[in-house]
Amino acid sequence: ITATDAIAVDASGNLYIHSGTAVAIVQAGSGTVSTVPTCKGRTIDFSHRNGVVLGPNGDLYVSCEQDMKVVKVAGGTGAISVVAGTGSIGSAGDGGIATNAQLSFPSGLAIDPSGNLFIATAAGIRRVAQDTAIITTVSQGIWGSLAFNKAGQLYGARGLQSFPTVSVIDIQAGTNTIVAGGGCSVDDGGPATKATLGGSLQGAIASDCNLLVR
């Protein structure tokens with residue numbers, strides 16, 4: 001496995017790894033590695049920087065950055081379908097069906113407790129409603145990794161700035177509050193907002209609700 005971009009873990013403890021050219025599954029217990037069905041015969045390209053997230057019913061969602069699309073690999077069957085993006089770069093399409101909307105280099109993915117899909121892009125965070133497939137923009141700016149905590153709060157990383165940061169995003173209020181990064185300190189033990197973080201940030205929420213940043 002090389003050039004790991006993103007990982008996800010399902011309820012059974014199986015590990016999903018995007019490794020540059022495919023999504024690999026490491027089976028819990030046995031450690032057996034298999035590959036998620038590829039997009040052979042389709043226009044989707046798994047070979048660029050992508051994000052992965054698992055839905056509550058076992059479906060795997062993958063962002064295909066260079067194809068400007070997000071796809072779903074159905075749990076059990078492995079069938080692949082597009083859930084967002086037309087393949088053309090842009091930010092148009094809010095208020096319509098997600099598959100008719102443009103995306104701008106989609107990367108990090110997250111799913112909230114209600115099953116809504118959130119997509120980090122270079123033009124903001126887009127939400128695809130679970131029940132209607134309608135897409136809307138919930139936050140502006142260039143975003144990378146996304147993660148929800150148990151309380152339903154959304155965290156987002158901005159790793160392409162001169163001073164990378166991690167913020168908690170209030171979707172209803174439309175505000176972002178920096179919780180880590182943006183400072184000048186490289187020492188441990190101080191306030192997270194005074195720390196300097198490296199580029200290409202990725203984040204996750206641990207079981208104890210602590211924020212983990214790579």
# chains A, B, ... in the order shown; residues from 1 in each chain; ligands from 1

$ residues_around --residues "A:Asp94" --least-positions-apart "6" --cutoff "8 Å" --atoms "only C-alpha atoms" --output "VMD selection string"
chain A and resid 101 134 to 137

$ write_last_selection --atoms "C-alpha atoms" --output "PDB file, in the first residue's frame"
ATOM      1  CA  ALA A 101     -24.039  20.121  -9.607  1.00  0.00           C
ATOM      2  CA  ILE A 134     -30.352  18.159  -2.926  1.00  0.00           C
ATOM      3  CA  ILE A 135     -26.949  19.863  -2.656  1.00  0.00           C
ATOM      4  CA  THR A 136     -26.224  23.105  -0.800  1.00  0.00           C
ATOM      5  CA  THR A 137     -23.116  25.022   0.258  1.00  0.00           C
TER       6      THR A 137
END

$ closest_residue --among "A:Thr177, A:Ser107, A:Gln172, A:Ser12" --to "A:Tyr155" --atoms "only C-alpha atoms"
A:Thr177

$ select_by_dssp --residues "stretch 17-173 of chain A" --states "strand (DSSP E)" --output "NGL selection string"
:A and (17-18 or 23-26 or 33-35 or 52-54 or 60-64 or 69-73 or 80-84 or 109-111 or 117-121 or 124-128 or 135-139 or 146-148 or 154-158 or 165-170)

$ atom_distance --atom1 "atom CA of A:Gln102" --atom2 "atom CA of A:Ile171"
20.9 Å

$ atom_distance --atom1 "atom CA of A:Ala74" --atom2 "atom CA of A:Ser88"
24.0 Å

$ residues_around --residues "stretch 27-34 of chain A" --least-positions-apart "5" --cutoff "9 Å" --atoms "only C-alpha atoms" --output "ChimeraX atom specification"
/A:12-16

$ residues_around --residues "A:Lys72" --least-positions-apart "6" --cutoff "10 Å" --atoms "only C-alpha atoms" --output "number ranges by chain"
A: 52-55, 59-63, 78-84

$ residues_around --residues "stretch 122-124 of chain A" --least-positions-apart "5" --cutoff "7 Å" --atoms "only C-alpha atoms" --output "PyMOL selection string"
chain A and resi 91+104-105+137+139-143

$ atom_distance --atom1 "atom CA of A:Val71" --atom2 "atom CA of A:Gly51"
10.5 Å

$ residues_around --residues "A:Gln130" --least-positions-apart "2" --cutoff "7 Å" --atoms "only C-alpha atoms" --output "ChimeraX atom specification"
/A:115-117,128,132-133

$ write_last_selection --atoms "N, CA, C and O atoms" --output "short mmCIF file (atom, residue, chain, number, x, y, z; two decimals), in the first residue's frame"
data_model
loop_
_atom_site.label_atom_id
_atom_site.label_comp_id
_atom_site.auth_asym_id
_atom_site.auth_seq_id
_atom_site.Cartn_x
_atom_site.Cartn_y
_atom_site.Cartn_z
N GLY A 115 -27.37 11.09 8.29
CA GLY A 115 -27.04 10.44 7.03
C GLY A 115 -26.75 11.39 5.89
O GLY A 115 -26.57 10.95 4.74
N ASN A 116 -26.70 12.70 6.16
CA ASN A 116 -26.37 13.67 5.12
C ASN A 116 -24.88 13.62 4.82
O ASN A 116 -24.06 13.50 5.73
N LEU A 117 -24.53 13.71 3.55
CA LEU A 117 -23.13 13.64 3.12
C LEU A 117 -22.55 15.04 2.98
O LEU A 117 -23.16 15.91 2.34
N VAL A 128 -25.06 17.13 0.82
CA VAL A 128 -26.02 16.40 0.00
C VAL A 128 -27.03 15.76 0.95
O VAL A 128 -26.68 14.90 1.76
N THR A 132 -33.32 13.76 -0.06
CA THR A 132 -33.70 14.38 -1.33
C THR A 132 -32.59 14.43 -2.36
O THR A 132 -32.85 14.71 -3.53
N ALA A 133 -31.33 14.21 -1.95
CA ALA A 133 -30.15 14.33 -2.81
C ALA A 133 -29.93 15.77 -3.28
O ALA A 133 -29.18 16.00 -4.23
#

$ closest_residue --among "A:Val9, A:Leu109, A:Val166, A:Ile17" --to "A:Ile125" --atoms "only C-alpha atoms"
A:Leu109
